[in-house]
$ cat entry09.cif   # mmCIF, C-alpha atoms
data_my_file
loop_
_atom_site.label_atom_id
_atom_site.label_comp_id
_atom_site.auth_asym_id
_atom_site.auth_seq_id
_atom_site.Cartn_x
_atom_site.Cartn_y
_atom_site.Cartn_z
CA MET A 1 -34.32 0.97 24.53
CA SER A 2 -35.04 0.12 28.17
CA ASP A 3 -36.76 2.90 30.11
CA LYS A 4 -34.74 2.10 33.23
CA ALA A 5 -31.12 1.66 34.29
CA ILE A 6 -29.97 -0.84 36.88
CA LEU A 7 -27.12 -0.19 39.32
CA GLU A 8 -25.72 -3.17 41.20
CA PHE A 9 -23.71 -2.48 44.35
CA GLN A 10 -22.77 -4.82 47.20
CA GLY A 11 -25.17 -7.47 46.01
CA LYS A 12 -28.17 -5.16 45.73
CA LYS A 13 -29.80 -3.84 42.57
CA TYR A 14 -31.33 -0.40 42.22
CA GLU A 15 -33.49 0.78 39.33
CA PHE A 16 -33.54 4.32 38.00
CA PRO A 17 -35.65 5.89 35.24
CA VAL A 18 -34.04 6.92 31.96
CA ILE A 19 -34.88 10.31 30.47
CA LYS A 20 -34.61 10.93 26.72
CA GLY A 21 -34.40 14.43 25.25
CA THR A 22 -35.90 15.63 21.96
CA GLU A 23 -32.48 15.28 20.29
CA ASP A 24 -32.13 11.69 21.61
CA GLU A 25 -29.80 12.62 24.45
CA VAL A 26 -30.09 10.02 27.22
CA ALA A 27 -29.75 10.58 30.97
CA ILE A 28 -30.17 8.34 34.02
CA ASP A 29 -32.32 10.05 36.65
CA ILE A 30 -30.48 9.39 39.93
CA LYS A 31 -32.22 11.88 42.20
CA THR A 32 -33.38 9.01 44.47
CA LEU A 33 -29.95 7.31 44.58
CA ARG A 34 -28.85 8.59 47.98
CA GLY A 35 -32.24 8.02 49.52
CA THR A 36 -32.53 4.42 48.35
CA ALA A 37 -28.91 3.21 48.34
CA ASN A 38 -27.17 5.74 50.64
CA ILE A 39 -24.49 6.39 48.00
CA ILE A 40 -23.81 9.33 45.70
CA THR A 41 -22.02 9.83 42.39
CA ILE A 42 -18.90 11.97 42.11
CA ASP A 43 -18.17 13.98 38.97
CA PRO A 44 -15.62 16.81 39.43
CA GLY A 45 -16.53 19.69 37.16
CA TYR A 46 -19.92 18.06 36.46
CA LYS A 47 -18.70 16.96 33.02
CA ASN A 48 -21.11 14.00 32.95
CA THR A 49 -23.84 15.39 35.18
CA GLY A 50 -27.03 16.97 33.89
CA SER A 51 -28.13 19.64 36.34
CA CYS A 52 -31.46 20.33 34.67
CA GLU A 53 -33.78 19.76 31.73
CA SER A 54 -33.81 22.80 29.46
CA ALA A 55 -35.63 23.82 26.28
CA ILE A 56 -33.33 26.73 25.40
CA THR A 57 -30.12 25.62 23.69
CA PHE A 58 -28.99 22.40 22.01
CA LEU A 59 -25.29 21.75 21.53
CA ASP A 60 -23.59 18.76 19.90
CA GLY A 61 -19.84 19.19 20.27
CA GLU A 62 -18.92 16.15 18.20
CA LYS A 63 -20.92 17.30 15.17
CA GLY A 64 -20.33 21.03 15.65
CA VAL A 65 -24.04 21.87 16.06
CA LEU A 66 -25.48 24.81 18.00
CA ARG A 67 -29.18 25.71 18.02
CA TYR A 68 -31.21 28.26 19.97
CA ARG A 69 -34.79 27.05 20.56
CA GLY A 70 -34.40 24.75 17.53
CA TYR A 71 -33.03 27.38 15.14
CA SER A 72 -29.51 26.84 13.80
CA ILE A 73 -26.91 29.38 14.83
CA GLU A 74 -26.00 29.77 11.14
CA GLU A 75 -29.52 30.90 10.17
CA LEU A 76 -29.93 33.17 13.17
CA ALA A 77 -26.58 34.89 12.57
CA GLU A 78 -27.45 35.45 8.91
CA LYS A 79 -31.13 36.40 9.12
CA ALA A 80 -31.90 37.74 12.63
CA ASP A 81 -30.60 40.63 14.70
CA PHE A 82 -29.47 40.42 18.31
CA LEU A 83 -32.72 41.75 19.80
CA GLU A 84 -34.75 39.14 17.88
CA VAL A 85 -32.44 36.41 19.19
CA ALA A 86 -32.70 37.79 22.74
CA TYR A 87 -36.51 37.63 22.53
CA LEU A 88 -36.32 34.10 21.09
CA LEU A 89 -34.06 32.82 23.85
CA ILE A 90 -36.04 34.41 26.67
CA PHE A 91 -39.62 33.84 25.51
CA GLY A 92 -39.25 30.77 23.29
CA GLU A 93 -40.38 32.05 19.89
CA LEU A 94 -39.20 34.60 17.33
CA PRO A 95 -41.19 37.84 17.68
CA ASP A 96 -43.38 39.23 14.91
CA LYS A 97 -42.90 42.86 13.88
CA ALA A 98 -45.35 44.23 16.45
CA LYS A 99 -43.85 42.27 19.35
CA LEU A 100 -40.31 43.20 18.36
CA LYS A 101 -41.19 46.89 18.07
CA LYS A 102 -42.87 46.84 21.49
CA PHE A 103 -39.92 44.96 23.00
CA HIS A 104 -37.47 47.54 21.65
CA ASN A 105 -39.64 50.49 22.70
CA ASP A 106 -40.06 49.07 26.20
CA ILE A 107 -36.29 48.64 26.47
CA LYS A 108 -35.66 52.21 25.33
CA ALA A 109 -38.16 53.47 27.92
CA GLU A 110 -36.12 51.81 30.69
CA SER A 111 -32.65 52.77 29.46
CA HIS A 112 -32.08 55.53 32.02
CA VAL A 113 -29.67 54.58 34.82
CA ASP A 114 -30.06 56.49 38.09
CA GLU A 115 -27.56 59.36 38.32
CA GLU A 116 -26.44 58.13 41.74
CA MET A 117 -24.96 55.07 40.01
CA LYS A 118 -22.29 57.43 38.70
CA LYS A 119 -21.10 57.93 42.27
CA ILE A 120 -20.46 54.20 42.53
CA LEU A 121 -18.60 54.27 39.22
CA ASP A 122 -16.54 57.24 40.43
CA GLY A 123 -15.37 55.13 43.35
CA PHE A 124 -13.41 52.85 41.02
CA PRO A 125 -9.92 53.85 39.86
CA LYS A 126 -9.29 53.87 36.11
CA SER A 127 -7.02 50.86 36.67
CA ALA A 128 -9.96 48.71 37.89
CA HIS A 129 -10.73 45.75 35.63
CA PRO A 130 -13.96 46.47 33.71
CA MET A 131 -15.41 43.07 34.65
CA GLY A 132 -15.14 43.95 38.33
CA VAL A 133 -16.77 47.30 37.60
CA LEU A 134 -19.57 45.65 35.57
CA SER A 135 -20.28 43.00 38.21
CA SER A 136 -20.43 45.63 40.95
CA LEU A 137 -22.65 48.01 38.98
CA THR A 138 -25.03 45.19 38.01
CA SER A 139 -25.31 44.16 41.64
CA ALA A 140 -25.82 47.81 42.61
CA LEU A 141 -28.87 47.99 40.32
CA ILE A 142 -30.69 46.05 43.05
CA ALA A 143 -30.52 49.09 45.32
CA PHE A 144 -32.31 51.21 42.71
CA ASN A 145 -34.80 48.46 41.83
CA PRO A 146 -35.47 46.89 45.23
CA SER A 147 -38.86 45.27 44.54
CA THR A 148 -38.85 41.47 44.34
CA VAL A 149 -39.87 39.98 40.99
CA ASP A 150 -43.08 37.98 41.27
CA VAL A 151 -42.19 35.08 38.98
CA SER A 152 -45.85 34.02 38.82
CA SER A 153 -46.67 37.35 37.18
CA GLU A 154 -45.85 37.54 33.47
CA ASN A 155 -46.02 41.32 33.69
CA ASP A 156 -43.55 41.52 36.59
CA MET A 157 -41.18 39.10 34.89
CA TYR A 158 -41.35 40.95 31.58
CA HIS A 159 -40.61 44.34 33.15
CA ALA A 160 -37.64 42.98 35.12
CA ILE A 161 -36.21 41.46 31.93
CA VAL A 162 -36.75 44.65 29.90
CA ARG A 163 -35.20 46.76 32.67
CA LEU A 164 -32.02 44.68 32.70
CA LEU A 165 -31.71 44.53 28.89
CA ALA A 166 -32.09 48.32 28.87
CA LYS A 167 -29.64 49.24 31.62
CA PHE A 168 -26.93 46.63 31.11
CA PRO A 169 -25.57 48.13 27.83
CA VAL A 170 -25.32 51.50 29.58
CA LEU A 171 -23.19 49.92 32.31
CA VAL A 172 -21.02 48.22 29.68
CA ALA A 173 -20.49 51.54 27.87
CA TRP A 174 -19.73 53.29 31.16
CA ALA A 175 -17.12 50.65 32.05
CA LEU A 176 -15.38 51.30 28.71
CA ARG A 177 -15.62 55.08 28.89
CA LYS A 178 -14.29 55.03 32.47
CA LYS A 179 -11.32 53.02 31.20
CA LYS A 180 -10.71 55.47 28.37
CA GLY A 181 -11.36 58.63 30.40
CA LEU A 182 -14.34 59.66 28.27
CA PRO A 183 -17.53 61.35 29.54
CA LEU A 184 -20.47 59.02 30.11
CA ASP A 185 -23.02 58.66 27.33
CA TYR A 186 -26.66 57.51 27.23
CA GLY A 187 -26.81 56.89 23.50
CA ASP A 188 -29.66 57.68 21.13
CA ASP A 189 -33.19 56.23 21.21
CA THR A 190 -33.53 56.67 17.43
CA LEU A 191 -30.92 53.96 16.82
CA GLY A 192 -31.23 50.18 16.80
CA TYR A 193 -30.24 48.26 19.93
CA VAL A 194 -26.74 47.23 18.79
CA GLU A 195 -26.00 50.48 16.95
CA ASN A 196 -26.93 52.39 20.10
CA ILE A 197 -24.55 50.23 22.13
CA HIS A 198 -21.77 51.07 19.67
CA LYS A 199 -22.58 54.79 19.89
CA MET A 200 -22.63 54.76 23.71
CA MET A 201 -19.22 53.12 23.72
CA PHE A 202 -17.41 55.11 21.06
CA LYS A 203 -19.08 58.52 20.59
CA ARG A 204 -16.50 61.24 21.26
CA PRO A 205 -17.66 64.52 22.78
CA ASN A 206 -16.09 66.66 20.06
CA GLN A 207 -17.12 64.56 17.06
CA ALA A 208 -20.36 63.61 15.30
CA TYR A 209 -21.15 59.90 15.54
CA LYS A 210 -20.80 58.05 12.24
CA THR A 211 -22.28 54.59 11.80
CA ASN A 212 -20.44 51.83 9.95
CA LYS A 213 -22.67 49.00 8.70
CA VAL A 214 -19.83 46.48 8.43
CA VAL A 215 -18.83 47.13 12.04
CA ILE A 216 -22.41 47.10 13.37
CA ASP A 217 -23.19 43.86 11.51
CA ALA A 218 -20.05 42.19 12.89
CA LEU A 219 -20.87 43.34 16.43
CA ASP A 220 -24.45 42.14 16.01
CA GLN A 221 -23.23 38.71 14.92
CA LEU A 222 -20.72 38.47 17.75
CA LEU A 223 -23.42 39.17 20.31
CA ILE A 224 -25.71 36.55 18.72
CA LEU A 225 -22.94 33.93 18.73
CA HIS A 226 -22.28 34.53 22.43
CA ALA A 227 -25.95 34.75 23.46
CA ASP A 228 -26.19 31.27 25.01
CA HIS A 229 -24.16 28.10 25.18
CA GLU A 230 -26.05 25.59 27.29
CA GLN A 231 -24.95 24.77 30.87
CA ASN A 232 -21.50 26.37 30.96
CA CYS A 233 -19.81 27.71 34.10
CA SER A 234 -21.43 31.16 34.19
CA THR A 235 -24.88 29.93 33.13
CA SER A 236 -24.81 27.21 35.77
CA THR A 237 -23.79 29.88 38.27
CA VAL A 238 -26.78 32.06 37.32
CA ARG A 239 -29.12 29.08 37.72
CA ILE A 240 -27.71 27.87 41.02
CA VAL A 241 -27.69 31.38 42.54
CA GLY A 242 -31.22 31.93 41.26
CA SER A 243 -32.31 28.57 42.69
CA SER A 244 -32.02 30.14 46.16
CA HIS A 245 -34.65 32.62 44.88
CA ALA A 246 -32.04 35.35 44.64
CA GLY A 247 -33.25 38.10 42.31
CA LEU A 248 -32.46 38.46 38.62
CA PHE A 249 -29.87 41.25 39.02
CA ALA A 250 -28.02 39.41 41.80
CA SER A 251 -27.99 36.16 39.81
CA ILE A 252 -26.66 37.91 36.69
CA SER A 253 -23.98 39.66 38.74
CA ALA A 254 -22.81 36.23 39.96
CA GLY A 255 -22.73 35.01 36.35
CA ILE A 256 -20.52 37.95 35.38
CA SER A 257 -18.03 36.99 38.09
CA ALA A 258 -18.00 33.38 36.85
CA LEU A 259 -17.47 34.55 33.26
CA TRP A 260 -14.48 36.64 34.32
CA GLY A 261 -12.15 33.65 34.64
CA PRO A 262 -9.54 33.03 31.92
CA LEU A 263 -10.82 29.47 31.39
CA HIS A 264 -14.26 30.83 30.49
CA GLY A 265 -15.08 34.32 29.19
CA GLY A 266 -11.53 35.55 29.64
CA ALA A 267 -10.34 33.30 26.83
CA ASN A 268 -10.55 35.99 24.13
CA GLN A 269 -8.51 38.31 26.34
CA ALA A 270 -5.95 35.52 26.73
CA VAL A 271 -5.76 35.25 22.93
CA LEU A 272 -4.70 38.90 22.56
CA GLU A 273 -2.26 38.67 25.44
CA MET A 274 -0.67 35.68 23.68
CA LEU A 275 -0.47 37.58 20.39
CA GLU A 276 1.14 40.54 22.14
CA ALA A 277 3.70 38.21 23.73
CA ILE A 278 4.53 36.70 20.33
CA GLU A 279 4.94 40.17 18.84
CA ALA A 280 7.23 41.21 21.71
CA ASP A 281 9.38 38.15 20.97
CA GLY A 282 9.82 39.08 17.32
CA GLY A 283 6.57 37.90 15.79
CA ASP A 284 7.83 34.53 14.53
CA THR A 285 4.60 32.53 14.17
CA LYS A 286 6.37 29.37 12.97
CA LYS A 287 8.44 29.33 16.17
CA TYR A 288 5.31 29.46 18.30
CA MET A 289 3.49 26.85 16.23
CA ALA A 290 6.44 24.55 16.87
CA LYS A 291 6.31 25.37 20.61
CA ALA A 292 2.59 24.54 20.63
CA LYS A 293 3.30 21.09 19.17
CA ASP A 294 6.12 20.38 21.64
CA LYS A 295 4.58 18.51 24.60
CA SER A 296 7.54 19.43 26.81
CA ASP A 297 7.02 23.16 26.17
CA PRO A 298 4.64 24.94 28.61
CA PHE A 299 3.43 27.34 25.88
CA ARG A 300 -0.26 27.01 25.05
CA LEU A 301 -1.78 28.25 21.81
CA MET A 302 -4.83 30.20 22.98
CA GLY A 303 -7.95 30.42 20.81
CA PHE A 304 -7.54 27.04 19.10
CA GLY A 305 -9.70 24.00 19.81
CA HIS A 306 -12.60 24.00 22.26
CA ARG A 307 -13.53 22.19 25.46
CA VAL A 308 -16.91 21.18 24.02
CA TYR A 309 -16.54 21.23 20.23
CA LYS A 310 -14.52 18.31 18.89
CA ASN A 311 -14.87 19.69 15.39
CA PHE A 312 -14.83 23.22 13.94
CA ASP A 313 -16.62 25.59 16.31
CA PRO A 314 -19.75 26.52 14.27
CA ARG A 315 -19.60 30.05 15.68
CA ALA A 316 -16.01 30.44 14.44
CA LYS A 317 -17.05 29.61 10.87
CA ILE A 318 -19.54 32.48 10.96
CA ILE A 319 -17.40 35.09 12.65
CA LYS A 320 -14.28 34.36 10.55
CA LYS A 321 -16.07 35.93 7.58
CA ALA A 322 -17.06 38.96 9.68
CA ALA A 323 -13.48 39.34 10.93
CA ASP A 324 -12.16 39.36 7.37
CA GLU A 325 -14.76 41.98 6.35
CA VAL A 326 -14.02 44.24 9.34
CA LEU A 327 -10.27 44.15 8.76
CA ALA A 328 -10.74 44.85 5.05
CA ASP A 329 -13.21 47.70 5.65
CA LEU A 330 -11.18 49.45 8.34
CA GLY A 331 -7.88 48.89 6.51
CA ILE A 332 -6.00 48.47 9.77
CA ASP A 333 -2.23 47.97 9.67
CA ASP A 334 -1.62 46.26 13.00
CA PRO A 335 1.29 43.83 13.59
CA ILE A 336 -0.76 42.00 16.25
CA LEU A 337 -3.56 41.30 13.79
CA ALA A 338 -1.01 40.28 11.16
CA ILE A 339 0.37 37.70 13.61
CA ALA A 340 -3.17 36.45 14.27
CA LYS A 341 -3.83 35.95 10.57
CA GLY A 342 -0.49 34.17 10.24
CA LEU A 343 -1.31 31.76 13.05
CA GLU A 344 -4.74 31.14 11.56
CA LYS A 345 -3.30 30.31 8.13
CA GLU A 346 -0.69 27.93 9.52
CA ALA A 347 -3.14 26.15 11.85
CA LEU A 348 -5.63 25.57 9.04
CA GLU A 349 -2.89 24.06 6.86
CA ASP A 350 -0.72 22.27 9.45
CA GLU A 351 -1.35 18.51 9.53
CA TYR A 352 -0.76 18.38 13.31
CA PHE A 353 -3.59 20.86 14.00
CA VAL A 354 -5.93 19.62 11.25
CA LYS A 355 -5.60 15.99 12.40
CA ARG A 356 -6.43 16.97 15.98
CA LYS A 357 -9.15 19.39 14.83
CA LEU A 358 -7.48 22.27 16.67
CA TYR A 359 -9.14 24.94 14.60
CA PRO A 360 -9.41 28.64 15.53
CA ASN A 361 -12.44 29.09 17.78
CA VAL A 362 -14.87 31.94 18.39
CA ASP A 363 -12.57 33.47 21.05
CA PHE A 364 -9.77 33.76 18.48
CA TYR A 365 -11.88 35.67 15.95
CA SER A 366 -13.79 37.76 18.49
CA GLY A 367 -10.47 38.95 19.94
CA ILE A 368 -9.34 40.00 16.46
CA ILE A 369 -12.56 41.96 15.82
CA TYR A 370 -12.60 43.67 19.22
CA ARG A 371 -9.00 44.80 18.78
CA ALA A 372 -9.78 46.09 15.28
CA LEU A 373 -12.68 48.11 16.73
CA GLY A 374 -10.40 49.73 19.29
CA ILE A 375 -11.85 47.91 22.30
CA PRO A 376 -9.22 47.52 25.06
CA THR A 377 -8.18 43.95 25.84
CA GLU A 378 -9.60 44.18 29.39
CA MET A 379 -13.03 44.92 27.86
CA PHE A 380 -13.22 41.73 25.78
CA THR A 381 -14.90 39.71 28.53
CA VAL A 382 -17.32 42.57 29.17
CA MET A 383 -18.40 42.30 25.52
CA PHE A 384 -18.84 38.55 26.04
CA ALA A 385 -21.10 39.31 29.04
CA LEU A 386 -23.13 41.75 26.94
CA GLY A 387 -23.79 39.01 24.39
CA ARG A 388 -24.47 36.34 27.00
CA LEU A 389 -27.02 38.47 28.91
CA PRO A 390 -30.14 37.15 27.07
CA GLY A 391 -29.02 33.56 27.64
CA TRP A 392 -28.49 34.16 31.34
CA ILE A 393 -31.91 35.79 31.59
CA ALA A 394 -33.55 32.94 29.67
CA GLN A 395 -31.91 30.32 31.87
CA TRP A 396 -32.86 32.16 35.09
CA ARG A 397 -36.44 32.57 33.90
CA GLU A 398 -36.74 28.92 32.87
CA MET A 399 -35.29 27.73 36.19
CA ARG A 400 -37.72 29.84 38.23
CA LEU A 401 -40.79 28.97 36.11
CA ARG A 402 -39.99 25.26 36.37
CA GLY A 403 -39.80 25.57 40.15
CA GLU A 404 -36.42 23.88 40.29
CA PRO A 405 -35.12 23.05 43.79
CA ILE A 406 -32.24 24.93 45.37
CA GLY A 407 -28.87 23.71 44.08
CA ARG A 408 -27.08 21.66 46.71
CA PRO A 409 -24.28 19.38 45.42
CA ARG A 410 -22.97 16.60 47.66
CA GLN A 411 -19.35 15.73 48.39
CA ILE A 412 -17.09 12.90 49.47
CA TYR A 413 -15.36 13.98 52.67
CA ILE A 414 -11.61 13.17 52.79
CA GLY A 415 -10.60 15.09 55.94
CA GLU A 416 -9.76 13.97 59.46
CA LYS A 417 -12.04 11.57 61.33
CA ALA A 418 -13.62 12.62 64.64
CA ARG A 419 -10.94 13.59 67.17
CA PRO A 420 -10.93 15.19 70.61
CA PHE A 421 -10.25 18.89 71.12
CA VAL A 422 -6.77 19.66 72.53
CA GLU A 423 -6.58 22.49 75.04
CA LEU A 424 -4.47 25.48 73.97
CA ASP A 425 -1.87 25.17 76.74
CA ILE A 426 -0.96 21.55 75.87
CA ARG A 427 -0.89 21.77 72.04
#
$ encode --input "entry09.cif" --output "structure tokens"
Amino acid sequence: MSDKAILEFQGKKYEFPVIKGTEDEVAIDIKTLRGTANIITIDPGYKNTGSCESAITFLDGEKGVLRYRGYSIEELAEKADFLEVAYLLIFGELPDKAKLKKFHNDIKAESHVDEEMKKILDGFPKSAHPMGVLSSLTSALIAFNPSTVDVSSENDMYHAIVRLLAKFPVLVAWALRKKKGLPLDYGDDTLGYVENIHKMMFKRPNQAYKTNKVVIDALDQLLILHADHEQNCSTSTVRIVGSSHAGLFASISAGISALWGPLHGGANQAVLEMLEAIEADGGDTKKYMAKAKDKSDPFRLMGFGHRVYKNFDPRAKIIKKAADEVLADLGIDDPILAIAKGLEKEALEDEYFVKRKLYPNVDFYSGIIYRALGIPTEMFTVMFALGRLPGWIAQWREMRLRGEPIGRPRQIYIGEKARPFVELDIR
């Protein structure tokens, strides 16, 4: 293969180097294009534009492959826990027992959130969307941790990362408990990372906390499956905000806001809202499957197919099993979940959906699990953010350590040409 690409424009030829990744992905390096040819490329949504080189996550949508640092998502979901995966994503290798124990202990030591943060939380009405609350509280952490992270210091970087991994679950739990009108909880340092998150969210003041291994395992897997997903909207936001040398907390807060949108992290919330609408209309799944296949009908079947995966979402294969186990263990009789299972069965058997590979995706199954656990619909995207936190941190850290330049996309201007100013009294 040639190690250069040639662009011919208006009788002139321009050569550009070709970059090849470790998984044989090929990219044309056009960073000198404007300087040499005075032209730019245009790619709305950046669907064909590589914004960086990254060693964190590999994704092949056509083959349904997802790997973190070279490890398959299937193996990680089966054999690792969320904290191990977080360490892997951020630092590049799986931790040994000593490193993992230190990592967890360091996180527990930083888990206290300043009491004055509660005053900020009190300022939100119960009706506030939890994602808005989470974004604001994450940004507010800057005020209580004002020192700038010295990215050249491994010690500084490590402590900033540990601090955020420690405090973020507390903010997530507070957002839920605010929504439910429950007193705030700091959890229990004797528990594992994910089990402690579950306790902080669901412990009731008048009841002893009881652990459920099936539930904790499912939650652990969900967080692993959401931990990173290459250069998506929120991750790109974290990197571009961080490229201005904005701090870690500010960059993550921006990522939370990007994740909030219904086309991104809000997709699992949209799934449940769709299921509730179907139930309110009588619960006829066949009717809505027919509507989904009718091109003239505006109805969209949420939670099926994926923007990147052109095959079965590998994460959905894993979490489908966990969803079945959670529903069986909790024995929930919920018409919404019954509708979800009906849609799943029909989509997996319907030739129209099978031919187009419109399979249930991770948002479909995560929505089912979160509802079964009693998590309010508005909290679904918050749970997504909790899982994605290690990926955001890893991407921010990589971007800063590589010394990437500040993000500054170009544009093609389509407005008015130069024109004279018209005085107010003669307009």
$ closest_residue --input "entry09.cif" --among "A:Ser251, A:Ser296, A:Asn212, A:Ser147" --to "A:Ser236" --atoms "only C-alpha atoms"
A:Ser251
$ atom_distance --input "entry09.cif" --atom1 "atom CA of A:Ala292" --atom2 "atom CA of A:Asp313"
19.7 Å
$ residues_around --input "entry09.cif" --residues "stretch 366-381 of chain A" --least-positions-apart "5" --cutoff "8 Å" --atoms "only C-alpha atoms" --output "list in words"
His129, Pro130, Met131, Leu176, Val215, Leu222, Leu259, Trp260, Gly265, Gly266, Asn268, Gln269, Val271, Leu272, Glu273, Ile319, Ala323, Val326, Leu327, Leu330, Ile332, Leu337 and Ala340 of chain A
$ closest_residue --input "entry09.cif" --among "A:Leu358, A:Met383, A:Ala227, A:Ile216" --to "A:Glu325" --atoms "all atoms listed in the file"
A:Ile216
$ residues_near_point --input "entry09.cif" --point "(-13.1, 55.0, 29.2)" --cutoff "10 Å" --atoms "all atoms listed in the file" --output "number ranges by chain"
A: 126, 130, 173-184, 201-202, 375-376
$ write_last_selection --input "entry09.cif" --atoms "C-alpha atoms" --output "PDB file, keeping the file's coordinate frame"
ATOM      1  CA  LYS A 126      -9.290  53.870  36.110  1.00  0.00           C
ATOM      2  CA  PRO A 130     -13.960  46.470  33.710  1.00  0.00           C
ATOM      3  CA  ALA A 173     -20.490  51.540  27.870  1.00  0.00           C
ATOM      4  CA  TRP A 174     -19.730  53.290  31.160  1.00  0.00           C
ATOM      5  CA  ALA A 175     -17.120  50.650  32.050  1.00  0.00           C
ATOM      6  CA  LEU A 176     -15.380  51.300  28.710  1.00  0.00           C
ATOM      7  CA  ARG A 177     -15.620  55.080  28.890  1.00  0.00           C
ATOM      8  CA  LYS A 178     -14.290  55.030  32.470  1.00  0.00           C
ATOM      9  CA  LYS A 179     -11.320  53.020  31.200  1.00  0.00           C
ATOM     10  CA  LYS A 180     -10.710  55.470  28.370  1.00  0.00           C
ATOM     11  CA  GLY A 181     -11.360  58.630  30.400  1.00  0.00           C
ATOM     12  CA  LEU A 182     -14.340  59.660  28.270  1.00  0.00           C
ATOM     13  CA  PRO A 183     -17.530  61.350  29.540  1.00  0.00           C
ATOM     14  CA  LEU A 184     -20.470  59.020  30.110  1.00  0.00           C
ATOM     15  CA  MET A 201     -19.220  53.120  23.720  1.00  0.00           C
ATOM     16  CA  PHE A 202     -17.410  55.110  21.060  1.00  0.00           C
ATOM     17  CA  ILE A 375     -11.850  47.910  22.300  1.00  0.00           C
ATOM     18  CA  PRO A 376      -9.220  47.520  25.060  1.00  0.00           C
TER      19      PRO A 376
END
$ atom_distance --input "entry09.cif" --atom1 "atom CA of A:Val133" --atom2 "atom CA of A:Glu115"
16.2 Å
$ residues_around --input "entry09.cif" --residues "A:Val308" --least-positions-apart "5" --cutoff "9 Å" --atoms "all atoms listed in the file" --output "JSON, numbers by chain"
{"A": [59, 60, 61, 62, 313]}
$ closest_residue --input "entry09.cif" --among "A:Ala128, A:Cys52, A:Met117, A:Ala385" --to "A:His264" --atoms "all atoms listed in the file"
A:Ala385
$ atom_distance --input "entry09.cif" --atom1 "atom CA of A:Ala77" --atom2 "atom CA of A:Glu230"
17.4 Å
$ closest_atom_pairs --input "entry09.cif" --of "stretch 176-202 of chain A" --to "stretch 100-105 of chain A" --cutoff "10 Å" --atoms "all atoms listed in the file" --output "JSON lines"
{"residue": "A:Asp189", "atom": "CA", "partner": "A:Asn105", "partner_atom": "CA", "distance": 8.8}
{"residue": "A:Gly192", "atom": "CA", "partner": "A:His104", "partner_atom": "CA", "distance": 8.3}
{"residue": "A:Tyr193", "atom": "CA", "partner": "A:His104", "partner_atom": "CA", "distance": 7.5}
$ resolve_selection --input "entry09.cif" --expression "the PyMOL selection byres ((chain A and resi 84) around 12)" --output "PyMOL selection string"
chain A and resi 68+76-77+79-83+85-104+192-194+220-221+223-224+227+390
$ closest_residue --input "entry09.cif" --among "A:Ile393, A:His198, A:Tyr309, A:Ser111" --to "A:Lys63" --atoms "only C-alpha atoms"
A:Tyr309
$ resolve_selection --input "entry09.cif" --expression "the PyMOL selection byres ((chain A and resi 402-417) around 7)" --output "count of residues only"
9
$ residues_near_point --input "entry09.cif" --point "(-37.7, 38.1, 42.6)" --cutoff "7 Å" --atoms "all atoms listed in the file" --output "list in words"
Thr148, Val149, Asp150, Val151, His245, Ala246, Gly247 and Leu248 of chain A
$ write_last_selection --input "entry09.cif" --atoms "C-alpha atoms" --output "short mmCIF file (atom, residue, chain, number, x, y, z; two decimals), in the frame of the given file"
data_model
loop_
_atom_site.label_atom_id
_atom_site.label_comp_id
_atom_site.auth_asym_id
_atom_site.auth_seq_id
_atom_site.Cartn_x
_atom_site.Cartn_y
_atom_site.Cartn_z
CA THR A 148 -38.85 41.47 44.34
CA VAL A 149 -39.87 39.98 40.99
CA ASP A 150 -43.08 37.98 41.27
CA VAL A 151 -42.19 35.08 38.98
CA HIS A 245 -34.65 32.62 44.88
CA ALA A 246 -32.04 35.35 44.64
CA GLY A 247 -33.25 38.10 42.31
CA LEU A 248 -32.46 38.46 38.62
#
$ residues_around --input "entry09.cif" --residues "A:Ser135" --least-positions-apart "2" --cutoff "9 Å" --atoms "all atoms listed in the file" --output "ChimeraX atom specification"
/A:130-133,137-140,252-257
$ resolve_selection --input "entry09.cif" --expression "the PyMOL selection byres ((chain A and resi 346-349) around 12)" --output "PyMOL selection string"
chain A and resi 284-290+292-293+301-305+312+339-345+350-361
